[in-house]
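**Student:** File model33.txt below, compact mmCIF, C-alpha atoms and all ligand atoms:
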```
# COMPACT_ATOMS: atom_id res chain seq x y z
CA MET S 1 158.08 70.39 -45.84
CA GLY S 2 160.41 69.83 -42.87
CA GLY S 3 159.37 68.60 -39.47
CA ASP S 4 158.40 70.84 -36.63
CA PRO S 5 161.55 71.32 -34.59
CA ARG S 6 159.49 71.30 -31.41
CA GLU S 7 158.57 67.71 -32.03
CA SER S 8 162.00 66.36 -32.88
CA GLY S 9 164.01 65.38 -29.86
CA GLY S 10 167.28 65.33 -31.77
CA ALA S 11 167.64 69.08 -32.01
CA ARG S 12 167.95 69.43 -28.25
CA ILE S 13 170.86 67.00 -27.97
CA SER S 14 172.95 68.69 -30.63
CA LYS S 15 172.34 72.04 -29.00
CA GLU S 16 173.78 70.79 -25.72
CA GLY S 17 176.70 69.30 -27.58
CA GLU S 18 177.53 72.62 -29.17
CA ARG S 19 177.71 74.32 -25.86
CA GLY S 20 179.98 71.63 -24.51
CA ASP S 21 178.43 71.61 -21.05
CA LEU S 22 175.22 70.42 -19.50
CA VAL S 23 172.29 72.77 -19.16
CA PRO S 24 170.03 72.31 -16.14
CA LEU S 25 166.69 70.74 -17.00
CA ALA S 26 164.70 73.70 -15.69
CA ALA S 27 166.60 76.05 -17.98
CA LEU S 28 165.99 73.71 -20.89
CA ILE S 29 162.27 73.63 -20.23
CA LYS S 30 162.19 77.38 -19.87
CA GLU S 31 164.00 77.77 -23.16
CA GLU S 32 161.73 75.24 -24.80
CA LEU S 33 158.68 77.17 -23.69
CA ARG S 34 160.16 80.40 -24.92
CA SER S 35 161.07 79.00 -28.32
CA GLU S 36 157.60 77.48 -28.60
CA ARG S 37 156.07 80.88 -28.02
CA MET S 38 158.58 82.44 -30.37
CA GLU S 39 157.83 80.02 -33.15
CA ARG S 40 154.10 80.43 -33.39
CA PRO S 41 152.71 83.53 -35.02
CA SER S 42 149.82 85.29 -33.39
CA VAL S 43 146.51 85.77 -35.14
CA ARG S 44 144.62 89.08 -35.15
CA TYR S 45 141.28 89.34 -36.83
CA GLY S 46 138.35 91.57 -37.51
CA CYS S 47 135.01 91.29 -39.24
CA ALA S 48 132.67 93.78 -40.86
CA ALA S 49 129.31 93.18 -42.48
CA GLN S 50 126.42 95.04 -44.06
CA SER S 51 123.22 93.08 -44.36
CA LYS S 52 120.70 93.35 -47.17
CA LYS S 53 118.89 90.00 -47.10
CA GLY S 54 120.19 88.60 -43.81
CA GLU S 55 121.66 85.47 -45.40
CA ASP S 56 125.38 85.99 -44.72
CA TYR S 57 126.85 84.29 -41.67
CA PHE S 58 130.35 83.86 -40.34
CA LEU S 59 132.40 81.97 -37.79
CA MET S 60 135.54 83.15 -35.97
CA ARG S 61 137.25 80.86 -33.46
CA THR S 62 140.78 81.13 -32.11
CA ASP S 63 140.35 78.74 -29.22
CA CYS S 64 140.17 75.35 -30.98
CA LEU S 65 142.44 72.64 -29.61
CA ARG S 66 143.95 69.76 -31.55
CA VAL S 67 144.62 67.90 -28.30
CA PRO S 68 141.93 68.51 -25.64
CA ALA S 69 143.14 70.55 -22.63
CA ASN S 70 146.50 71.29 -24.25
CA PRO S 71 146.69 75.00 -25.11
CA SER S 72 149.91 74.60 -27.09
CA THR S 73 147.92 72.67 -29.73
CA SER S 74 145.57 75.53 -30.50
CA PHE S 75 144.38 76.39 -33.99
CA SER S 76 142.02 78.99 -35.44
CA VAL S 77 138.99 78.67 -37.68
CA PHE S 78 137.35 81.36 -39.79
CA ALA S 79 134.43 80.86 -42.13
CA VAL S 80 132.10 82.86 -44.33
CA LEU S 81 128.72 81.35 -45.24
CA ASP S 82 126.65 83.15 -47.85
CA GLY S 83 123.17 81.67 -47.88
CA HIS S 84 120.62 81.76 -50.67
CA ASN S 85 116.93 80.94 -50.85
CA GLY S 86 116.74 81.34 -47.06
CA ASN S 87 119.26 81.28 -44.23
CA ALA S 88 118.77 77.79 -42.74
CA ALA S 89 121.66 76.13 -44.61
CA ALA S 90 124.08 78.93 -43.71
CA ILE S 91 123.18 78.75 -40.01
CA TYR S 92 123.32 74.94 -39.97
CA THR S 93 126.72 74.98 -41.65
CA ARG S 94 128.10 77.59 -39.28
CA ASP S 95 127.01 75.48 -36.33
CA ASN S 96 128.04 72.03 -37.56
CA LEU S 97 130.77 72.10 -40.19
CA LEU S 98 133.67 72.49 -37.76
CA ASN S 99 132.56 69.49 -35.70
CA HIS S 100 132.11 67.37 -38.79
CA VAL S 101 135.57 68.23 -40.10
CA VAL S 102 137.26 67.57 -36.76
CA GLY S 103 135.26 64.34 -36.41
CA ALA S 104 136.75 63.06 -39.67
CA ILE S 105 140.37 63.46 -38.53
CA PRO S 106 141.87 60.22 -37.20
CA ARG S 107 142.66 60.33 -33.48
CA GLY S 108 146.13 60.52 -32.00
CA LEU S 109 147.94 62.23 -34.86
CA GLY S 110 151.00 64.43 -34.32
CA ARG S 111 150.87 67.99 -35.56
CA GLU S 112 152.37 67.35 -39.02
CA GLU S 113 150.15 64.32 -39.64
CA TRP S 114 147.14 66.26 -38.44
CA ILE S 115 147.83 69.02 -40.94
CA GLN S 116 148.26 66.44 -43.69
CA ALA S 117 144.95 64.82 -42.77
CA LEU S 118 143.03 68.09 -43.09
CA PRO S 119 142.32 68.10 -46.86
CA ARG S 120 140.55 64.76 -46.71
CA ALA S 121 138.76 65.55 -43.46
CA LEU S 122 137.48 68.79 -44.99
CA VAL S 123 135.98 66.88 -47.92
CA ALA S 124 134.27 64.45 -45.53
CA GLY S 125 133.06 67.26 -43.27
CA PHE S 126 131.57 69.28 -46.13
CA VAL S 127 129.75 66.28 -47.62
CA LYS S 128 128.47 65.15 -44.23
CA THR S 129 127.15 68.64 -43.43
CA ASP S 130 125.38 68.77 -46.79
CA LYS S 131 123.89 65.32 -46.37
CA GLU S 132 122.64 66.02 -42.85
CA PHE S 133 121.17 69.37 -43.75
CA GLN S 134 119.42 67.91 -46.79
CA SER S 135 117.91 65.15 -44.66
CA ARG S 136 116.10 67.82 -42.63
CA GLY S 137 113.98 68.59 -45.65
CA GLN S 138 114.50 72.35 -45.44
CA THR S 139 115.21 74.27 -48.61
CA SER S 140 118.00 76.89 -48.94
CA GLY S 141 121.68 76.51 -49.64
CA THR S 142 124.93 78.22 -48.79
CA THR S 143 128.45 78.86 -49.93
CA ALA S 144 131.08 77.86 -47.41
CA THR S 145 134.63 79.13 -47.22
CA PHE S 146 136.30 77.51 -44.27
CA VAL S 147 139.81 78.43 -43.15
CA ILE S 148 141.95 76.57 -40.63
CA ILE S 149 145.13 78.26 -39.40
CA ASP S 150 147.68 76.25 -37.46
CA GLY S 151 150.93 78.14 -36.93
CA TRP S 152 152.15 79.24 -40.35
CA THR S 153 149.99 76.75 -42.24
CA ILE S 154 146.70 77.86 -43.78
CA THR S 155 144.20 75.33 -45.09
CA VAL S 156 141.21 76.63 -47.02
CA ALA S 157 138.23 74.61 -48.23
CA SER S 158 135.41 76.18 -50.17
CA VAL S 159 132.27 75.66 -52.19
CA GLY S 160 130.59 78.54 -53.95
CA ASP S 161 131.99 82.00 -54.51
CA SER S 162 132.98 83.38 -51.10
CA ARG S 163 136.58 84.01 -52.00
CA CYS S 164 139.62 83.86 -49.72
CA ILE S 165 142.74 85.75 -50.73
CA LEU S 166 146.21 85.94 -49.26
CA ASP S 167 148.11 89.22 -49.20
CA ALA S 168 151.71 88.20 -48.59
CA PRO S 169 154.59 90.54 -47.75
CA GLY S 170 155.93 92.23 -50.86
CA GLY S 171 152.44 92.98 -52.14
CA ILE S 172 151.79 89.55 -53.61
CA VAL S 173 148.06 88.81 -53.72
CA SER S 174 147.00 85.23 -54.41
CA GLU S 175 143.62 83.51 -54.34
CA LEU S 176 143.28 80.49 -52.09
CA THR S 177 139.87 79.52 -53.47
CA VAL S 178 138.34 79.16 -56.92
CA ASP S 179 134.94 80.67 -57.69
CA HIS S 180 132.39 77.92 -58.34
CA ARG S 181 130.32 80.06 -60.66
CA LEU S 182 128.94 78.63 -63.88
CA GLU S 183 129.42 81.93 -65.69
CA GLU S 184 133.21 81.97 -65.26
CA ASN S 185 134.19 78.39 -64.43
CA ILE S 186 134.26 76.37 -67.66
CA GLU S 187 135.49 73.20 -65.97
CA GLU S 188 132.54 73.22 -63.61
CA ARG S 189 130.14 73.89 -66.46
CA GLU S 190 131.45 70.76 -68.17
CA ARG S 191 131.18 68.70 -65.01
CA VAL S 192 127.58 69.77 -64.40
CA THR S 193 126.60 69.01 -67.99
CA ALA S 194 128.33 65.61 -67.87
CA SER S 195 126.45 64.76 -64.67
CA GLY S 196 123.09 65.42 -66.27
CA GLY S 197 122.47 69.09 -65.51
CA GLU S 198 121.55 71.72 -68.02
CA VAL S 199 123.34 75.04 -68.12
CA GLY S 200 121.66 78.11 -69.54
CA ARG S 201 120.36 81.57 -68.83
CA LEU S 202 116.95 82.49 -67.55
CA SER S 203 114.45 82.92 -70.38
CA ILE S 204 111.82 85.57 -70.05
CA VAL S 205 108.65 86.04 -72.03
CA GLY S 206 109.50 86.43 -75.68
CA GLY S 207 112.46 84.06 -75.44
CA ALA S 208 115.09 86.63 -74.45
CA GLU S 209 117.79 85.31 -72.11
CA ILE S 210 118.91 87.32 -69.13
CA GLY S 211 121.29 87.11 -66.20
CA PRO S 212 124.25 84.83 -65.53
CA LEU S 213 124.52 81.18 -66.52
CA ARG S 214 122.52 78.92 -64.21
CA CYS S 215 122.04 75.20 -63.94
CA TRP S 216 118.72 73.52 -64.31
CA PRO S 217 116.74 72.15 -62.60
CA GLY S 218 117.03 74.69 -59.82
CA GLY S 219 118.37 77.77 -61.56
CA LEU S 220 121.42 78.22 -59.30
CA CYS S 221 124.39 80.26 -60.60
CA LEU S 222 126.78 78.30 -58.38
CA SER S 223 128.04 74.83 -59.27
CA ARG S 224 128.85 73.81 -55.70
CA SER S 225 127.13 74.54 -52.40
CA ILE S 226 125.94 73.02 -49.14
CA GLY S 227 122.21 72.30 -48.94
CA ASP S 228 120.04 73.01 -51.99
CA VAL S 229 118.00 69.85 -51.70
CA ASP S 230 115.68 71.17 -54.41
CA VAL S 231 118.27 71.57 -57.14
CA GLY S 232 120.05 68.86 -59.12
CA GLU S 233 122.53 66.73 -57.17
CA PHE S 234 125.28 67.74 -59.59
CA ILE S 235 125.47 70.86 -57.41
CA VAL S 236 127.95 69.17 -55.10
CA PRO S 237 129.32 70.02 -51.64
CA VAL S 238 132.83 68.69 -52.43
CA PRO S 239 135.17 71.58 -51.65
CA TYR S 240 138.17 72.92 -53.49
CA VAL S 241 141.00 72.65 -50.95
CA LYS S 242 144.25 74.53 -50.84
CA GLN S 243 146.94 74.36 -48.18
CA VAL S 244 149.83 76.80 -48.01
CA LYS S 245 152.54 77.76 -45.58
CA VAL S 246 153.42 81.42 -45.30
CA SER S 247 156.98 82.49 -44.51
CA ASN S 248 157.90 83.72 -41.07
CA ALA S 249 157.12 87.20 -42.33
CA GLY S 250 153.43 86.29 -41.98
CA GLY S 251 150.58 87.47 -44.18
CA ARG S 252 147.00 88.68 -44.34
CA LEU S 253 143.87 86.74 -45.31
CA ILE S 254 140.73 88.39 -46.61
CA ILE S 255 137.68 86.12 -46.61
CA ALA S 256 134.50 87.66 -47.99
CA SER S 257 131.14 87.00 -49.60
CA ASP S 258 130.37 88.02 -53.19
CA GLY S 259 128.96 91.32 -51.96
CA ILE S 260 132.63 92.30 -51.79
CA TRP S 261 133.97 90.47 -54.84
CA ASP S 262 131.24 91.69 -57.18
CA ALA S 263 132.42 95.21 -56.37
CA VAL S 264 136.19 94.99 -56.01
CA SER S 265 138.96 92.75 -57.35
CA SER S 266 141.24 90.73 -55.10
CA GLU S 267 144.06 93.21 -55.71
CA MET S 268 141.84 96.18 -54.91
CA ALA S 269 140.57 94.63 -51.70
CA ALA S 270 144.10 93.87 -50.51
CA LYS S 271 145.42 97.28 -51.46
CA SER S 272 142.55 99.21 -49.92
CA CYS S 273 143.35 98.08 -46.38
CA ARG S 274 147.13 97.68 -46.26
CA GLY S 275 148.71 99.13 -43.13
CA LEU S 276 145.49 99.02 -41.14
CA PRO S 277 145.00 96.64 -38.22
CA ALA S 278 142.65 93.73 -38.97
CA GLU S 279 139.53 95.22 -37.34
CA LEU S 280 139.80 98.46 -39.29
CA ALA S 281 140.91 96.64 -42.43
CA ALA S 282 137.70 94.61 -42.57
CA LYS S 283 135.64 97.77 -42.23
CA GLN S 284 137.70 99.47 -44.91
CA VAL S 285 137.16 96.64 -47.43
CA VAL S 286 133.39 96.75 -46.87
CA LYS S 287 133.44 100.53 -47.21
CA GLU S 288 135.39 100.25 -50.45
CA ALA S 289 132.88 97.75 -51.87
CA LEU S 290 129.89 99.89 -50.90
CA ARG S 291 131.51 102.98 -52.34
CA THR S 292 131.97 101.21 -55.67
CA ARG S 293 128.63 99.45 -55.95
CA GLY S 294 126.30 100.45 -53.15
CA LEU S 295 124.57 97.90 -50.93
CA LYS S 296 123.19 95.45 -53.50
CA ASP S 297 123.77 92.23 -51.58
CA ASP S 298 124.78 90.93 -48.16
CA THR S 299 128.39 91.96 -47.73
CA THR S 300 130.66 90.23 -45.22
CA CYS S 301 134.41 90.51 -44.80
CA ILE S 302 136.80 88.84 -42.37
CA VAL S 303 140.42 89.97 -42.23
CA VAL S 304 142.94 87.72 -40.49
CA ASP S 305 146.55 88.74 -39.90
CA ILE S 306 149.18 86.11 -39.25
CA ILE S 307 151.74 88.08 -37.30
CA PRO S 308 155.32 86.96 -36.63
CA PRO S 309 156.05 86.55 -32.89
CA ASP S 310 158.04 89.76 -32.71
CA HIS S 311 157.66 91.62 -35.94
CA SER S 312 159.82 94.56 -34.93
CA VAL S 313 162.85 92.26 -35.06
CA PRO S 314 163.88 90.75 -38.41
CA PRO S 315 162.75 87.10 -38.63
CA PRO S 316 165.43 84.92 -37.02
CA SER S 317 167.17 82.22 -39.10
CA PRO S 318 164.72 81.77 -41.98
CA PRO S 319 164.47 78.24 -43.41
CA LYS S 320 166.68 77.53 -46.43
CA LYS S 321 163.87 78.17 -48.88
CA MET S 322 163.47 81.70 -47.61
CA ASN S 323 167.07 82.74 -48.12
CA LYS S 324 166.31 83.77 -51.65
CA PHE S 325 163.49 85.94 -50.44
CA LYS S 326 165.59 87.51 -47.72
CA SER S 327 168.42 88.44 -50.02
CA PHE S 328 165.89 89.64 -52.49
CA MET S 329 164.32 91.94 -49.93
CA LEU S 330 167.72 93.45 -49.24
CA ARG S 331 168.24 93.98 -52.93
CA LYS S 332 164.82 95.52 -53.29
CA ARG S 333 165.61 98.22 -50.79
CA SER S 334 168.67 99.36 -52.69
CA LYS S 335 167.33 98.75 -56.18
CA ASP S 336 163.72 99.65 -56.68
CA SER S 337 163.70 99.38 -60.46
CA ALA S 338 163.44 95.61 -60.72
CA ASN S 339 160.10 95.75 -59.00
CA LYS S 340 158.13 93.53 -61.33
CA LEU S 341 160.62 90.71 -61.51
CA ALA S 342 161.03 91.08 -57.79
CA LYS S 343 157.36 90.46 -57.24
CA LYS S 344 157.52 87.24 -59.18
CA LEU S 345 160.58 86.02 -57.34
CA SER S 346 159.18 86.72 -53.95
CA ALA S 347 155.94 85.00 -54.85
CA VAL S 348 157.97 81.83 -55.20
CA GLY S 349 159.68 82.30 -51.85
CA ILE S 350 157.01 83.71 -49.60
CA VAL S 351 154.32 81.10 -49.88
CA GLU S 352 155.00 77.42 -49.97
CA GLU S 353 152.18 75.44 -51.54
CA LEU S 354 151.55 72.20 -49.69
CA PHE S 355 148.33 70.90 -51.25
CA GLU S 356 145.77 71.78 -53.89
CA GLU S 357 142.87 69.71 -55.19
CA GLY S 358 139.49 70.65 -56.60
CA SER S 359 138.05 67.48 -58.13
CA ALA S 360 134.39 66.77 -57.43
CA MET S 361 134.98 62.99 -57.52
CA LEU S 362 134.98 61.45 -54.05
CA ALA S 363 137.13 58.52 -55.19
CA GLU S 364 139.87 61.01 -56.01
CA ARG S 365 139.40 63.08 -52.89
CA LEU S 366 139.24 60.30 -50.33
CA GLY S 367 142.12 58.42 -51.92
CA ASN S 368 143.37 55.12 -50.59
CA ASP S 369 143.43 54.27 -46.94
CA SER S 370 147.04 54.79 -46.14
CA LEU S 371 146.82 57.45 -43.47
CA PRO S 372 148.71 56.68 -40.29
CA GLY S 373 146.36 56.35 -37.36
CA GLN S 374 143.54 55.14 -39.54
CA THR S 375 144.05 51.49 -38.61
CA THR S 376 142.46 51.65 -35.18
CA SER S 377 138.96 52.55 -36.25
CA GLY S 378 139.15 53.66 -39.86
CA LEU S 379 138.60 50.31 -41.50
CA PHE S 380 134.96 49.93 -40.60
CA THR S 381 133.87 53.53 -40.47
CA CYS S 382 132.14 55.41 -43.26
CA ALA S 383 134.72 57.85 -44.62
CA ILE S 384 132.06 60.55 -44.96
CA CYS S 385 129.62 60.34 -42.06
CA GLN S 386 131.88 58.35 -39.70
CA VAL S 387 129.16 55.84 -38.75
CA ASP S 388 130.42 52.40 -37.82
CA LEU S 389 129.97 49.80 -40.52
CA ALA S 390 129.45 46.08 -40.13
CA PRO S 391 132.19 44.11 -41.94
CA SER S 392 129.82 43.21 -44.79
CA GLU S 393 128.24 46.63 -45.00
CA GLY S 394 130.92 49.01 -46.30
CA ILE S 395 131.22 49.75 -49.99
CA SER S 396 134.64 50.85 -51.17
CA VAL S 397 134.72 54.36 -52.53
CA HIS S 398 136.52 52.83 -55.53
CA ALA S 399 133.98 50.07 -56.28
CA GLY S 400 132.39 50.36 -59.70
CA SER S 401 134.13 53.61 -60.53
CA ILE S 402 136.47 54.23 -63.41
CA PHE S 403 139.21 54.30 -60.82
CA SER S 404 138.58 50.71 -59.80
CA THR S 405 141.09 49.54 -62.39
CA SER S 406 143.94 51.37 -60.70
CA ALA S 407 142.70 51.24 -57.12
CA LYS S 408 141.48 48.07 -55.48
CA PRO S 409 137.70 48.01 -55.02
CA TRP S 410 138.01 45.85 -51.89
CA GLU S 411 140.27 48.40 -50.19
CA GLY S 412 139.11 51.42 -48.22
CA PRO S 413 138.10 54.00 -47.61
CA PHE S 414 134.57 52.67 -47.28
CA LEU S 415 131.22 54.37 -47.48
CA CYS S 416 127.90 53.43 -45.91
CA SER S 417 125.14 52.72 -48.41
CA ASP S 418 123.63 56.16 -47.82
CA CYS S 419 126.86 57.96 -48.64
CA ARG S 420 127.44 55.65 -51.57
CA ASN S 421 124.03 56.67 -52.93
CA LYS S 422 124.94 60.31 -52.51
CA LYS S 423 128.22 59.78 -54.33
CA ASP S 424 126.41 58.12 -57.26
CA ALA S 425 123.85 60.92 -57.40
CA MET S 426 126.55 63.62 -57.41
CA GLU S 427 128.26 61.89 -60.31
CA GLY S 428 125.04 61.65 -62.30
CA LYS S 429 124.70 57.87 -61.92
CA ARG S 430 121.28 58.17 -60.36
CA PRO S 431 118.60 60.54 -61.67
CA SER S 432 118.75 63.74 -59.69
CA GLY S 433 115.76 65.41 -58.11
CA VAL S 434 114.32 62.00 -57.21
CA LYS S 435 114.37 62.66 -53.50
CA VAL S 436 112.18 65.74 -53.51
CA LEU S 437 109.33 67.18 -55.55
ZN ZN B 1 128.16 57.45 -44.57
```
How does this structure look as structure tokens?
Ligand SMILES: [Zn+2]
**Tutor:**
Amino acid sequence: MGGDPRESGGARISKEGERGDLVPLAALIKEELRSERMERPSVRYGCAAQSKKGEDYFLMRTDCLRVPANPSTSFSVFAVLDGHNGNAAAIYTRDNLLNHVVGAIPRGLGREEWIQALPRALVAGFVKTDKEFQSRGQTSGTTATFVIIDGWTITVASVGDSRCILDAPGGIVSELTVDHRLEENIEERERVTASGGEVGRLSIVGGAEIGPLRCWPGGLCLSRSIGDVDVGEFIVPVPYVKQVKVSNAGGRLIIASDGIWDAVSSEMAAKSCRGLPAELAAKQVVKEALRTRGLKDDTTCIVVDIIPPDHSVPPPSPPKKMNKFKSFMLRKRSKDSANKLAKKLSAVGIVEELFEEGSAMLAERLGNDSLPGQTTSGLFTCAICQVDLAPSEGISVHAGSIFSTSAKPWEGPFLCSDCRNKKDAMEGKRPSGVKVL
């Protein structure tokens, strides 16, 4: 992974040593500021949408701060929320998910630790948002694809089928989400069935079956969502999370609702807008989808470009891992024939995968309490909703689970009894649908 050079003091000393003379402090600070600006890519974005049912929502923020009042700790957030059965869950998620994720990150972490803490905080934030929305007693549900960009690192968490793809330099398109659709996702079908749900198609009069696979009770085609208090609790809000680091050549993200993906493939979407600035690119992808399929569904598309500090100049001193890619790019220019192999090679070099996990089991997702910074308050706080727990109150996320043999049931993270109940319900240990109807 490699530490952020801005946060290691050692680099500065060796630099002075190389020069063999002392550099005035003011010059050092000036240089530090310049290199800080140089190191961080800029983010350009655009959004386009065509509404049919008015249930798609989105969020675009580039002004979030990891450390309050410190602009050098800024990060960006982009999200697509595709509601169903009403828009309340999508609106609630747009307005609350970010706070719930940030609230689950331990205080006082450095940048690297903060990035490492994101996958777990995203799980907590998604489940908390779902739990709070459900407690309001409103029906409706939503997909949520939530993207955090900090420097070159992209962290994506998602439930449902609002896909996020990465178009990396060299024409390599990769998906940063999985579609939680019962029709295509066999693993999810098995999980739902094992947790007490039934999977089947809609039967019409005469016994004929139509449409995509759905789970019952509820009849939802998705296996994960936020909200949906009136469907089985095996429809869980636990997100698939993927964290990657793009090379200093940058990359483009396309985040969109199924109005896009039902019409065009990931490759087609990426291809259709290459070379266009983000604002126009988003419009182009929507246009392409409408051209193919017409306006059948809410259609929302966000395009985010991660742009190297000065992309007219070749990226300075790439990290070791990128050398292969750099030399490969040089080769590609002179030798165009090895295109296919080239694509594969560059896929290895361009994007560094830092984290990937999609399990629906909270015990696996919340792990053991070993995060630095957790000691101050973490021990007696619910790992999901962050409420303070009395010493006797917390129930270990590992207690009574099949993981309790390997993990210690008296060790954290802990859940409040409410969140523990939710966990049991999601795993089919408590009859679903009990709460409502
Ligand atoms: Zn709780």
**Student:** Residues within 12 Å of ligand ZN 1 (chain B) should be enumerated using all atoms listed in the file and returned as a PyMOL selection string.
**Tutor:** chain S and resi 104+124-125+127-132+380-389+393-397+413-423
**Student:** Rounded to one decimal place, report the CA of Asp150 (chain S)-CA of Leu81 (chain S) distance in Å.
**Tutor:**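 CA of Leu81 (chain S) lies 21.1 Å from CA of Asp150 (chain S).
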**Student:** Considering only C-alpha atoms, can you say which of S:Ile260, S:Ile186, S:Cys47, S:Val241 comes closest to Ala117 (chain S)?
**Tutor:** S:Val241
**Student:** Would you kindly return, as JSON, numbers by chain, each protein, DNA or RNA residue with an atom no farther than 9 Å from any atom of region 289-294 of chain S, considering all atoms listed in the file and excluding same-chain residues fewer than 3 positions away?
**Tutor:** {"S": [259, 260, 261, 262, 263, 264, 269, 284, 285, 286, 297, 299]}
**Student:** If I take CA of Ser158 (chain S) and CA of Thr177 (chain S), how far is one from the other in Å, to one decimal?
**Tutor:**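 Separating CA of Ser158 (chain S) from CA of Thr177 (chain S) is a distance of 6.5 Å.
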**Student:** Here is a test: counting all atoms listed in the file, which residue of S:Tyr92, S:Trp152, S:Phe355, S:Phe126 is nearest to Val43 (chain S)?
**Tutor:** S:Trp152
**Student:** Rank S:Gln243, S:Ser76, S:Ser174, S:Thr142 by their smallest atom-to-atom distance to Leu222 (chain S), using all atoms listed in the file, and report the top residue only.
**Tutor:**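 With all atoms listed in the file as the atom set, the closest residue is S:Thr142.
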**Student:** Which residue, S:Ala278, S:Leu366, S:Ala249, S:Ala90, has the smallest gap to Arg120 (chain S) when you use all atoms listed in the file?
**Tutor:** S:Leu366
**Student:** Using all atoms listed in the file, which of S:Ala168, S:Cys215, S:Ala88, S:Ala363 sits nearest His398 (chain S)?
**Tutor:** S:Ala363
**Student:** Tell me which of S:Val236, S:Val244, S:Leu98, S:Ile149 sits closest to Leu354 (chain S), counting only C-alpha atoms.
**Tutor:** S:Val244
**Student:** Could you state the separation of CA of Pro309 (chain S) and CA of Arg44 (chain S) in Å, given to one decimal place?
**Tutor:**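 Result for CA of Pro309 (chain S) versus CA of Arg44 (chain S): 11.9 Å, one decimal.
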